[in-house]
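The data block below is work.tsv; it holds TSV, C-alpha atoms and all ligand atoms.
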```
chain	number	residue	atom	x	y	z
A	20	MET	CA	-62.08	148.57	86.19
A	21	LEU	CA	-64.16	145.45	86.98
A	22	SER	CA	-64.66	146.61	90.54
A	23	ALA	CA	-65.83	150.06	89.33
A	24	LEU	CA	-68.33	148.35	86.99
A	25	LEU	CA	-69.58	146.06	89.77
A	26	ARG	CA	-69.94	149.08	92.05
A	27	VAL	CA	-72.16	150.86	89.53
A	28	PHE	CA	-74.07	147.62	88.87
A	29	PHE	CA	-74.87	147.09	92.57
A	30	LEU	CA	-75.77	150.74	93.13
A	31	ARG	CA	-78.17	150.68	90.17
A	32	CYS	CA	-79.68	147.39	91.43
A	33	SER	CA	-80.17	148.97	94.86
A	34	ARG	CA	-82.76	151.30	93.29
A	35	SER	CA	-84.64	148.68	91.27
A	36	LYS	CA	-87.95	147.65	92.81
A	37	ILE	CA	-88.25	144.73	90.36
A	38	ILE	CA	-84.89	143.24	91.30
A	39	GLU	CA	-85.68	143.86	94.96
A	40	SER	CA	-88.94	141.96	94.77
A	41	ILE	CA	-87.31	139.01	92.97
A	42	VAL	CA	-84.32	138.81	95.34
A	43	LYS	CA	-86.42	139.18	98.48
A	44	LYS	CA	-88.52	136.17	97.49
A	45	THR	CA	-85.47	133.89	97.79
A	46	PRO	CA	-84.90	132.57	101.33
A	47	LEU	CA	-81.20	132.19	100.50
A	48	ALA	CA	-80.90	135.94	99.82
A	49	ARG	CA	-82.40	136.68	103.23
A	50	ASN	CA	-79.80	134.40	104.86
A	51	ILE	CA	-76.96	136.02	102.94
A	52	SER	CA	-78.14	139.51	103.93
A	53	ARG	CA	-77.67	138.54	107.59
A	54	ARG	CA	-73.96	139.17	107.13
A	55	PHE	CA	-74.76	142.93	107.31
A	56	ILE	CA	-78.27	143.05	108.77
A	57	ALA	CA	-79.15	142.04	112.34
A	58	GLY	CA	-82.47	140.52	111.29
A	59	GLU	CA	-86.00	141.55	110.49
A	60	THR	CA	-87.28	142.28	114.00
A	61	LYS	CA	-86.38	144.55	116.93
A	62	GLU	CA	-85.66	141.43	118.98
A	63	ASP	CA	-83.06	140.31	116.40
A	64	ALA	CA	-81.43	143.74	116.62
A	65	ILE	CA	-81.47	143.77	120.42
A	66	SER	CA	-79.71	140.43	120.66
A	67	VAL	CA	-77.00	141.68	118.27
A	68	VAL	CA	-76.57	144.86	120.34
A	69	GLN	CA	-76.30	142.83	123.55
A	70	ARG	CA	-73.49	140.79	122.00
A	71	ILE	CA	-71.78	144.01	120.86
A	72	PHE	CA	-71.96	145.38	124.42
A	73	GLN	CA	-70.07	142.40	125.79
A	74	ASP	CA	-66.70	143.69	124.63
A	75	GLY	CA	-67.36	147.36	125.35
A	76	ARG	CA	-68.55	148.51	121.94
A	77	ARG	CA	-71.62	150.73	121.65
A	78	ALA	CA	-74.32	150.65	119.01
A	79	THR	CA	-76.57	152.78	116.89
A	80	LEU	CA	-79.77	151.09	115.75
A	81	ASP	CA	-81.27	151.76	112.35
A	82	TYR	CA	-84.75	150.66	111.31
A	83	LEU	CA	-84.23	149.99	107.61
A	84	GLY	CA	-86.30	151.90	105.10
A	85	GLU	CA	-85.91	154.74	102.64
A	86	GLU	CA	-87.91	156.83	100.20
A	87	ALA	CA	-91.34	156.21	101.72
A	88	LEU	CA	-93.77	157.41	99.06
A	89	THR	CA	-96.99	157.50	101.06
A	90	LYS	CA	-97.86	159.26	104.27
A	91	GLN	CA	-99.03	155.96	105.70
A	92	GLU	CA	-95.70	154.24	104.99
A	93	ALA	CA	-93.79	157.15	106.55
A	94	PHE	CA	-96.05	157.18	109.61
A	95	SER	CA	-95.63	153.47	110.17
A	96	ALA	CA	-91.82	154.02	110.21
A	97	VAL	CA	-92.32	156.79	112.80
A	98	CYS	CA	-94.35	154.38	114.96
A	99	GLU	CA	-91.60	151.76	114.73
A	100	TYR	CA	-88.98	154.37	115.72
A	101	ILE	CA	-91.05	155.35	118.75
A	102	LYS	CA	-91.37	151.73	119.84
A	103	LEU	CA	-87.64	151.28	119.25
A	104	LEU	CA	-86.83	154.29	121.45
A	105	ASP	CA	-88.92	152.77	124.24
A	106	VAL	CA	-86.96	149.53	124.02
A	107	VAL	CA	-83.62	151.36	123.90
A	108	GLY	CA	-84.65	153.46	126.90
A	109	GLN	CA	-85.55	150.38	128.93
A	110	ARG	CA	-82.81	147.99	127.94
A	111	LEU	CA	-79.93	149.40	125.94
A	112	LEU	CA	-77.66	151.98	127.60
A	113	TYR	CA	-75.36	154.10	125.41
A	114	THR	CA	-77.27	153.21	122.25
A	115	SER	CA	-78.29	155.85	119.74
A	116	VAL	CA	-80.90	155.61	117.01
A	117	SER	CA	-80.12	156.37	113.36
A	118	ILE	CA	-82.77	157.63	110.94
A	119	LYS	CA	-82.98	158.07	107.20
A	120	LEU	CA	-85.24	161.07	106.78
A	121	THR	CA	-86.75	159.79	103.53
A	122	SER	CA	-88.14	156.82	105.49
A	123	ILE	CA	-90.23	159.27	107.52
A	124	GLY	CA	-91.51	161.51	104.76
A	125	LEU	CA	-88.70	163.62	103.28
A	126	ALA	CA	-89.33	162.18	99.82
A	127	ILE	CA	-92.95	163.41	100.14
A	128	SER	CA	-92.40	166.85	101.67
A	129	GLU	CA	-90.00	168.59	104.04
A	130	ARG	CA	-92.94	169.80	106.11
A	131	LEU	CA	-94.28	166.30	106.66
A	132	CYS	CA	-90.80	165.11	107.56
A	133	ASN	CA	-90.43	167.96	110.10
A	134	ASP	CA	-93.73	166.98	111.73
A	135	TYR	CA	-92.75	163.33	111.90
A	136	VAL	CA	-89.18	163.86	113.07
A	137	ASP	CA	-90.54	166.08	115.87
A	138	LEU	CA	-92.56	163.12	117.20
A	139	ILE	CA	-89.40	161.02	117.30
A	140	ALA	CA	-87.28	163.83	118.77
A	141	LYS	CA	-89.78	164.51	121.56
A	142	LYS	CA	-89.58	160.87	122.62
A	143	ALA	CA	-85.78	160.78	122.26
A	144	CYS	CA	-85.47	163.91	124.43
A	145	ALA	CA	-87.71	162.48	127.11
A	146	LEU	CA	-85.65	159.29	127.22
A	147	LYS	CA	-82.29	161.11	126.68
A	148	ILE	CA	-81.46	158.94	123.68
A	149	PRO	CA	-79.20	160.44	120.98
A	150	LEU	CA	-80.52	160.60	117.41
A	151	GLU	CA	-78.27	160.28	114.37
A	152	VAL	CA	-79.50	161.54	110.99
A	153	ASP	CA	-78.10	159.52	108.10
A	154	MET	CA	-77.22	161.27	104.84
A	155	GLU	CA	-78.80	159.88	101.67
A	156	GLY	CA	-78.46	160.66	97.94
A	157	SER	CA	-77.33	164.21	97.12
A	158	LYS	CA	-80.79	165.28	95.97
A	159	TYR	CA	-81.87	165.14	99.64
A	160	LYS	CA	-78.71	166.69	101.08
A	161	ASP	CA	-79.81	170.31	101.54
A	162	GLN	CA	-83.19	169.29	102.95
A	163	THR	CA	-81.55	166.82	105.32
A	164	ILE	CA	-79.27	169.56	106.67
A	165	ALA	CA	-82.23	171.96	106.96
A	166	VAL	CA	-84.35	169.42	108.88
A	167	PHE	CA	-81.40	168.63	111.16
A	168	CYS	CA	-80.64	172.31	111.92
A	169	ARG	CA	-84.29	173.03	112.65
A	170	LEU	CA	-84.41	170.00	114.94
A	171	LYS	CA	-81.38	171.21	116.88
A	172	ASP	CA	-82.95	174.66	117.31
A	173	LYS	CA	-86.34	173.30	118.34
A	174	PHE	CA	-85.00	170.67	120.78
A	175	PRO	CA	-81.89	172.20	122.36
A	176	THR	CA	-81.51	169.32	124.83
A	177	LEU	CA	-81.65	166.66	122.12
A	178	LYS	CA	-78.33	164.98	121.43
A	179	ALA	CA	-78.32	164.88	117.64
A	180	ARG	CA	-75.68	164.04	115.08
A	181	ILE	CA	-75.71	164.33	111.30
A	182	ALA	CA	-73.82	162.26	108.75
A	183	ILE	CA	-71.79	164.23	106.22
A	184	GLN	CA	-70.34	162.67	103.08
A	185	GLY	CA	-66.65	163.21	102.33
A	186	TYR	CA	-67.08	162.48	98.61
A	187	LEU	CA	-69.41	165.43	97.91
A	188	ARG	CA	-67.81	168.50	96.38
A	189	SER	CA	-70.14	170.71	98.40
A	190	THR	CA	-69.18	169.24	101.78
A	191	PRO	CA	-66.35	171.67	102.66
A	192	SER	CA	-68.80	174.58	102.49
A	193	ASP	CA	-71.58	172.65	104.29
A	194	ILE	CA	-69.38	171.77	107.23
A	195	ARG	CA	-68.41	175.41	107.77
A	196	GLU	CA	-72.03	176.17	108.67
A	197	LEU	CA	-72.52	172.96	110.65
A	198	ALA	CA	-69.27	173.40	112.59
A	199	GLN	CA	-70.24	176.92	113.56
A	200	ARG	CA	-73.54	175.60	114.89
A	201	CYS	CA	-71.52	173.12	116.98
A	202	ALA	CA	-73.23	170.24	115.22
A	203	ASN	CA	-72.07	166.77	116.05
A	204	ILE	CA	-70.91	165.16	112.86
A	205	ARG	CA	-70.45	161.61	111.63
A	206	LEU	CA	-68.05	161.84	108.72
A	207	VAL	CA	-68.52	159.08	106.12
A	208	LYS	CA	-67.16	158.76	102.59
A	209	GLY	CA	-70.60	158.42	100.96
A	210	ALA	CA	-72.38	155.36	99.62
A	211	TYR	CA	-74.60	156.51	96.73
A	212	ASP	CA	-74.36	156.57	92.95
A	213	GLU	CA	-73.48	160.23	92.30
A	214	SER	CA	-72.39	162.03	89.15
A	215	ASN	CA	-68.89	163.42	88.62
A	216	GLU	CA	-70.14	166.97	88.99
A	217	VAL	CA	-71.55	166.25	92.41
A	218	ALA	CA	-69.03	163.84	93.89
A	219	ILE	CA	-65.35	162.98	93.78
A	220	ARG	CA	-64.86	159.44	92.45
A	221	ASP	CA	-61.19	158.73	92.99
A	222	LYS	CA	-60.52	156.86	96.26
A	223	LYS	CA	-57.34	158.77	97.07
A	224	ASN	CA	-58.97	162.14	96.48
A	225	ILE	CA	-61.92	161.14	98.70
A	226	GLN	CA	-59.47	160.19	101.45
A	227	GLU	CA	-57.74	163.56	101.07
A	228	GLN	CA	-60.99	165.47	101.28
A	229	CYS	CA	-62.04	163.43	104.37
A	230	ILE	CA	-58.75	164.34	106.04
A	231	GLU	CA	-59.20	168.04	105.19
A	232	ILE	CA	-62.70	167.87	106.70
A	233	MET	CA	-61.51	166.19	109.90
A	234	GLU	CA	-58.79	168.84	110.20
A	235	LYS	CA	-61.51	171.49	110.05
A	236	LEU	CA	-63.61	169.78	112.69
A	237	LEU	CA	-60.88	169.39	115.31
A	238	PRO	CA	-59.72	171.99	117.85
A	239	GLY	CA	-57.31	174.50	116.37
A	240	SER	CA	-59.49	175.03	113.30
A	241	PRO	CA	-60.93	178.52	112.80
A	242	TYR	CA	-64.17	176.79	111.68
A	243	ILE	CA	-65.22	175.68	115.12
A	244	LEU	CA	-66.42	177.80	117.98
A	245	SER	CA	-66.37	175.03	120.54
A	246	TYR	CA	-65.41	171.43	119.95
A	247	SER	CA	-68.17	168.96	119.44
A	248	TYR	CA	-67.49	165.30	119.34
A	249	LEU	CA	-66.33	164.00	115.94
A	250	ALA	CA	-67.41	160.55	114.81
A	251	LEU	CA	-65.61	158.90	111.91
A	252	GLY	CA	-67.86	156.39	110.13
A	253	SER	CA	-65.28	154.45	108.16
A	254	HIS	CA	-63.34	151.18	108.04
A	255	ASP	CA	-60.50	152.77	106.10
A	256	PRO	CA	-57.18	152.17	107.95
A	257	VAL	CA	-55.72	155.41	106.51
A	258	LEU	CA	-58.52	157.60	107.93
A	259	ILE	CA	-58.61	155.73	111.24
A	260	LYS	CA	-54.86	156.15	111.72
A	261	TRP	CA	-55.04	159.82	110.74
A	262	LEU	CA	-57.69	160.54	113.38
A	263	ILE	CA	-55.85	158.59	116.10
A	264	ASP	CA	-52.64	160.52	115.37
A	265	ALA	CA	-54.50	163.85	115.24
A	266	ILE	CA	-56.14	163.25	118.63
A	267	LYS	CA	-52.78	162.27	120.16
A	268	LYS	CA	-51.00	165.25	118.57
A	269	ARG	CA	-53.56	167.60	120.09
A	270	ASP	CA	-53.26	165.95	123.50
A	271	MET	CA	-56.97	165.25	123.49
A	272	PRO	CA	-58.41	162.40	125.54
A	273	LYS	CA	-59.40	159.27	123.65
A	274	TYR	CA	-63.07	159.81	124.52
A	275	SER	CA	-63.15	163.05	122.52
A	276	CYS	CA	-63.91	161.21	119.29
A	277	GLU	CA	-65.67	158.07	118.18
A	278	PHE	CA	-65.04	155.41	115.55
A	279	GLN	CA	-68.17	154.07	113.94
A	280	MET	CA	-68.29	150.94	111.82
A	281	LEU	CA	-70.97	148.84	110.20
A	282	TYR	CA	-72.30	145.61	111.63
A	283	GLY	CA	-70.58	142.78	109.78
A	284	VAL	CA	-67.55	144.78	108.63
A	285	ARG	CA	-64.04	144.63	110.20
A	286	GLU	CA	-65.24	143.33	113.54
A	287	ASP	CA	-61.64	142.49	114.51
A	288	GLU	CA	-60.69	146.16	114.07
A	289	GLN	CA	-63.76	147.28	116.07
A	290	ILE	CA	-62.62	145.09	118.96
A	291	ARG	CA	-58.96	146.13	118.65
A	292	LEU	CA	-59.85	149.85	118.84
A	293	THR	CA	-62.16	149.24	121.81
A	294	ARG	CA	-59.41	147.34	123.65
A	295	ASP	CA	-57.06	150.25	122.96
A	296	GLY	CA	-59.47	152.54	124.82
A	297	TRP	CA	-61.24	154.24	121.91
A	298	ASN	CA	-65.00	154.71	121.68
A	299	VAL	CA	-66.39	152.41	119.02
A	300	ARG	CA	-70.01	152.41	117.88
A	301	VAL	CA	-71.45	149.77	115.58
A	302	TYR	CA	-74.22	150.67	113.14
A	303	VAL	CA	-76.80	147.89	113.47
A	304	PRO	CA	-79.59	147.89	110.87
A	305	TYR	CA	-82.70	145.72	111.11
A	306	GLY	CA	-86.06	145.39	109.38
A	307	ASN	CA	-87.46	143.80	106.25
A	308	LYS	CA	-86.52	146.63	103.87
A	309	TRP	CA	-82.93	145.47	103.75
A	310	PHE	CA	-82.39	145.24	99.99
A	311	PRO	CA	-81.02	148.75	99.11
A	312	TYR	CA	-78.79	148.79	102.21
A	313	PHE	CA	-77.45	145.32	101.37
A	314	MET	CA	-76.75	146.30	97.74
A	315	ARG	CA	-74.78	149.38	98.88
A	316	ARG	CA	-72.64	147.11	101.08
A	317	MET	CA	-72.00	144.90	98.05
A	318	ALA	CA	-71.07	147.95	95.99
A	319	GLU	CA	-68.52	149.11	98.56
A	320	ARG	CA	-66.56	145.94	98.27
A	321	PRO	CA	-67.21	143.96	95.11
A	322	ALA	CA	-65.08	141.15	96.60
A	323	ASN	CA	-68.19	140.50	98.68
A	324	VAL	CA	-69.52	138.77	95.56
A	325	CYS	CA	-67.22	135.88	96.53
A	326	PHE	CA	-68.96	135.35	99.85
A	327	VAL	CA	-72.34	135.40	98.06
A	328	ILE	CA	-71.12	132.83	95.53
A	329	ARG	CA	-69.72	130.67	98.35
A	330	ALA	CA	-73.05	130.84	100.20
A	331	ILE	CA	-74.93	129.83	97.03
A	332	ILE	CA	-72.57	126.91	96.38
A	333	ASN	CA	-72.85	125.78	100.01
A	334	SER	CA	-76.61	125.83	99.87
A	335	LEU	CA	-76.64	123.93	96.55
A	336	THR	CA	-74.26	121.27	97.81
A	337	LYS	CA	-76.31	120.91	101.00
A	338	THR	CA	-79.51	120.52	98.98
A	339	ASN	CA	-77.93	117.99	96.64
A	340	SER	CA	-76.05	115.95	99.19
A	341	PRO	CA	-77.55	112.57	100.08
A	342	VAL	CA	-79.28	112.59	103.46
B	1	LIG	P1	-63.43	151.70	102.14
B	1	LIG	O1	-64.59	151.45	101.26
B	1	LIG	O2	-62.17	152.19	101.52
B	1	LIG	O3	-63.13	150.41	102.98
B	1	LIG	C1	-61.96	150.21	103.75
B	1	LIG	C2	-61.91	148.74	104.11
B	1	LIG	O4	-63.02	148.40	104.92
B	1	LIG	C3	-62.02	147.81	102.90
B	1	LIG	O5	-60.77	147.56	102.33
B	1	LIG	C4	-62.64	146.58	103.51
B	1	LIG	O6	-61.66	145.83	104.21
B	1	LIG	C5	-63.57	147.15	104.54
B	1	LIG	N1	-64.93	147.35	104.01
B	1	LIG	C6	-65.53	148.53	103.73
B	1	LIG	N2	-66.80	148.34	103.31
B	1	LIG	C7	-66.99	147.00	103.31
B	1	LIG	C8	-68.11	146.18	103.00
B	1	LIG	N3	-69.26	146.68	102.57
B	1	LIG	N4	-67.96	144.83	103.10
B	1	LIG	C9	-66.81	144.29	103.54
B	1	LIG	N5	-65.71	145.04	103.87
B	1	LIG	C10	-65.80	146.37	103.76
B	1	LIG	N6	-72.88	156.50	103.83
B	1	LIG	C11	-73.76	157.47	103.48
B	1	LIG	O7	-73.79	157.87	102.32
B	1	LIG	N7	-74.60	158.01	104.41
B	1	LIG	C12	-74.58	157.63	105.71
B	1	LIG	O8	-75.34	158.16	106.52
B	1	LIG	C13	-73.67	156.62	106.10
B	1	LIG	N8	-73.60	156.17	107.38
B	1	LIG	C14	-72.60	155.32	107.75
B	1	LIG	C15	-72.43	154.98	109.09
B	1	LIG	C16	-71.36	154.21	109.48
B	1	LIG	C17	-71.19	153.87	110.93
B	1	LIG	C18	-70.42	153.73	108.50
B	1	LIG	C19	-69.23	152.92	108.90
B	1	LIG	C20	-70.62	154.02	107.19
B	1	LIG	C21	-71.70	154.79	106.78
B	1	LIG	N9	-71.90	155.09	105.45
B	1	LIG	C22	-72.82	156.06	105.12
B	1	LIG	C23	-71.19	154.33	104.39
B	1	LIG	C24	-69.94	155.06	103.94
B	1	LIG	O9	-70.29	156.20	103.21
B	1	LIG	C25	-69.05	154.17	103.06
B	1	LIG	O10	-69.77	153.82	101.90
B	1	LIG	C26	-68.57	152.89	103.72
B	1	LIG	O11	-68.22	153.10	105.05
B	1	LIG	C27	-67.33	152.32	102.98
B	1	LIG	O12	-66.29	153.22	103.01
B	1	LIG	P2	-65.05	153.12	104.06
B	1	LIG	O13	-64.80	154.49	104.54
B	1	LIG	O14	-65.35	152.14	105.11
B	1	LIG	O15	-63.77	152.78	103.26
```

Would you put the structure from the file into structure tokens?
Ligand code: FDA
Amino acid sequence: MLSALLRVFFLRCSRSKIIESIVKKTPLARNISRRFIAGETKEDAISVVQRIFQDGRRATLDYLGEEALTKQEAFSAVCEYIKLLDVVGQRLLYTSVSIKLTSIGLAISERLCNDYVDLIAKKACALKIPLEVDMEGSKYKDQTIAVFCRLKDKFPTLKARIAIQGYLRSTPSDIRELAQRCANIRLVKGAYDESNEVAIRDKKNIQEQCIEIMEKLLPGSPYILSYSYLALGSHDPVLIKWLIDAIKKRDMPKYSCEFQMLYGVREDEQIRLTRDGWNVRVYVPYGNKWFPYFMRRMAERPANVCFVIRAIINSLTKTNSPV
């Protein structure tokens, strides 16, 4: 009960500009956010990715930002993505780039977003860097799928993947279309504050729906015409075990799927899976618009409040201790 209340509290906070501006003024909050965010600059993100590479994990880099409300704000995110692609192309093999479409104009208009995503896709194609389209709140879901499908048609050589949320009631019908288009999918549970009509709330039922979806995306399912690589974006041991068993049962090689996890979450499990020969990709966000992303991470695991409280106490005791 308390954890459900905290979840709603953090998700509501994640959308409050007032709370964001207060929290972001505190240097301590910035330090605490580093648990999940590589830092504010590309250089911070690159040094995290280089550390991730050392034990064989891969990365996807996300320039934080969402719901840009002016053309100028959206265009400046596009420029940052283009610079990021250049850096990835020069220095970071096997790294993909993740984008939230509302950061590049989807909250303004689908047409603007199409124009802007084309600029990014052209560069990604030229440098052969995969793009991953994140899924945001359900009000953007249909447009996100439409922009993604158009992108795949317009840039057939682009390696593109779309995130699909296991908690949405509409997902089983959405994946039918995506699977038939051979879309690469990152299956996640879903991180937003959705109503009961739109999303399943119960953890067990979400797990069940995620398993049904994975079943439909693996060879043997009538949904798929030819197998495209499935990525599971989850830290949930039940889903991870299910996918490992399913791959083994179908005699598929380990490289035919990918486990994706967030920077700062279950690093021991990321390393264990990599050592066992599975592909593991870490989602590494950076940038100064970290507040909504950080609040969603808090909402996923209200026990994270404890590490925040510990950090506050540590900083207070340091400040008050005699020099
Ligand atoms: P669950 O929440 O059940 O967690 C399982 C275990 O993992 C927990 O018991 C805990 O040990 C650990 N854990 C999980 N979250 C934690 C946290 N924040 N802090 C500390 N420990 C934690 N969502 C979305 O709506 N759109 C998207 O595009 C994406 N993209 C995305 C990419 C990747 C690579 C990942 C891993 C996740 C996303 N998500 C996402 C987020 C996703 O929807 C979901 O909210 C989180 O992954 C948490 O759900 P889990 O499946 O990990 O399980």

Q) Hey, can you check how far atom CA of A:Asn50 sits from atom CA of A:Phe72? A)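 We find that atom CA of A:Asn50 and atom CA of A:Phe72 lie 23.8 Å from each other.
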
(Q) Could you list the protein, DNA and RNA residues that have any atom within 6 Å of ligand LIG 1 (chain B), counting all atoms listed in the file, and write them as a list in words? (A)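 Residues satisfying the distance criterion: Asp153, Met154, Glu155, Ala182, Gln184, Val207, Lys208, Gly209, Ala210, Tyr211, Gly252, Ser253, His254, Asp255, Gln279, Met280, Leu281, Val284, Tyr302, Arg316, Met317, Glu319 and Arg320 of chain A.
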
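The list of residues with at least one atom within 12 Å of A:Glu196, based on all atoms listed in the file and without residues fewer than 6 positions apart in the same chain, reads Ile164, Ala165, Cys168, Ser189, Thr190, Ala202, Asn203, Ile204, Lys235, Leu236, Tyr242, Ile243 and Leu244 of chain A.
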
Q. How many Å lie between atom CA of A:Cys276 and atom CA of A:Ala250, rounded to one decimal?
A. 5.7 Å

Q. Which residue, A:Phe29, A:Tyr135, A:Phe55, A:Phe167, has the smallest gap to A:Ser95 when you use all atoms listed in the file?
A.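 Using all atoms listed in the file, A:Ser95 sits closest to A:Tyr135.
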
Could you add N, CA, C and O atoms to stretch 239-253 of chain A and give me the result as a PDB file, keeping the file's coordinate frame?
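New file selection-v4.pdb:
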```pdb
ATOM      1  N   GLY A 239     -58.422 173.849 117.076  1.00  0.00           N
ATOM      2  CA  GLY A 239     -57.310 174.500 116.370  1.00  0.00           C
ATOM      3  C   GLY A 239     -57.798 175.047 115.041  1.00  0.00           C
ATOM      4  O   GLY A 239     -57.173 175.917 114.435  1.00  0.00           O
ATOM      5  N   SER A 240     -58.967 174.552 114.582  1.00  0.00           N
ATOM      6  CA  SER A 240     -59.490 175.030 113.300  1.00  0.00           C
ATOM      7  C   SER A 240     -60.296 176.306 113.522  1.00  0.00           C
ATOM      8  O   SER A 240     -61.070 176.393 114.477  1.00  0.00           O
ATOM      9  N   PRO A 241     -60.139 177.304 112.636  1.00  0.00           N
ATOM     10  CA  PRO A 241     -60.930 178.520 112.800  1.00  0.00           C
ATOM     11  C   PRO A 241     -62.417 178.283 112.548  1.00  0.00           C
ATOM     12  O   PRO A 241     -63.250 179.114 112.873  1.00  0.00           O
ATOM     13  N   TYR A 242     -62.772 177.093 111.977  1.00  0.00           N
ATOM     14  CA  TYR A 242     -64.170 176.790 111.680  1.00  0.00           C
ATOM     15  C   TYR A 242     -65.000 176.608 112.941  1.00  0.00           C
ATOM     16  O   TYR A 242     -66.188 176.842 112.952  1.00  0.00           O
ATOM     17  N   ILE A 243     -64.365 176.093 114.009  1.00  0.00           N
ATOM     18  CA  ILE A 243     -65.220 175.680 115.120  1.00  0.00           C
ATOM     19  C   ILE A 243     -65.158 176.658 116.286  1.00  0.00           C
ATOM     20  O   ILE A 243     -64.111 177.188 116.620  1.00  0.00           O
ATOM     21  N   LEU A 244     -66.326 176.865 116.860  1.00  0.00           N
ATOM     22  CA  LEU A 244     -66.420 177.800 117.980  1.00  0.00           C
ATOM     23  C   LEU A 244     -66.143 177.054 119.280  1.00  0.00           C
ATOM     24  O   LEU A 244     -65.445 177.515 120.145  1.00  0.00           O
ATOM     25  N   SER A 245     -66.751 175.883 119.404  1.00  0.00           N
ATOM     26  CA  SER A 245     -66.370 175.030 120.540  1.00  0.00           C
ATOM     27  C   SER A 245     -66.435 173.600 120.016  1.00  0.00           C
ATOM     28  O   SER A 245     -67.273 173.283 119.168  1.00  0.00           O
ATOM     29  N   TYR A 246     -65.534 172.768 120.545  1.00  0.00           N
ATOM     30  CA  TYR A 246     -65.410 171.430 119.950  1.00  0.00           C
ATOM     31  C   TYR A 246     -66.612 170.557 120.246  1.00  0.00           C
ATOM     32  O   TYR A 246     -67.059 170.443 121.373  1.00  0.00           O
ATOM     33  N   SER A 247     -67.170 169.979 119.210  1.00  0.00           N
ATOM     34  CA  SER A 247     -68.170 168.960 119.440  1.00  0.00           C
ATOM     35  C   SER A 247     -67.575 167.656 118.919  1.00  0.00           C
ATOM     36  O   SER A 247     -66.778 167.654 118.007  1.00  0.00           O
ATOM     37  N   TYR A 248     -67.994 166.661 119.526  1.00  0.00           N
ATOM     38  CA  TYR A 248     -67.490 165.300 119.340  1.00  0.00           C
ATOM     39  C   TYR A 248     -67.525 164.860 117.863  1.00  0.00           C
ATOM     40  O   TYR A 248     -68.583 164.888 117.231  1.00  0.00           O
ATOM     41  N   LEU A 249     -66.374 164.457 117.336  1.00  0.00           N
ATOM     42  CA  LEU A 249     -66.330 164.000 115.940  1.00  0.00           C
ATOM     43  C   LEU A 249     -66.435 162.476 115.869  1.00  0.00           C
ATOM     44  O   LEU A 249     -65.711 161.768 116.568  1.00  0.00           O
ATOM     45  N   ALA A 250     -67.323 161.991 115.019  1.00  0.00           N
ATOM     46  CA  ALA A 250     -67.410 160.550 114.810  1.00  0.00           C
ATOM     47  C   ALA A 250     -66.946 160.260 113.387  1.00  0.00           C
ATOM     48  O   ALA A 250     -67.408 160.904 112.441  1.00  0.00           O
ATOM     49  N   LEU A 251     -66.044 159.310 113.248  1.00  0.00           N
ATOM     50  CA  LEU A 251     -65.610 158.900 111.910  1.00  0.00           C
ATOM     51  C   LEU A 251     -66.307 157.584 111.589  1.00  0.00           C
ATOM     52  O   LEU A 251     -66.094 156.572 112.261  1.00  0.00           O
ATOM     53  N   GLY A 252     -67.153 157.603 110.560  1.00  0.00           N
ATOM     54  CA  GLY A 252     -67.860 156.390 110.130  1.00  0.00           C
ATOM     55  C   GLY A 252     -67.115 155.779 108.960  1.00  0.00           C
ATOM     56  O   GLY A 252     -67.446 156.052 107.807  1.00  0.00           O
ATOM     57  N   SER A 253     -66.101 154.999 109.245  1.00  0.00           N
ATOM     58  CA  SER A 253     -65.280 154.450 108.160  1.00  0.00           C
ATOM     59  C   SER A 253     -64.507 153.234 108.660  1.00  0.00           C
ATOM     60  O   SER A 253     -64.181 153.138 109.843  1.00  0.00           O
TER      61      SER A 253
END
```
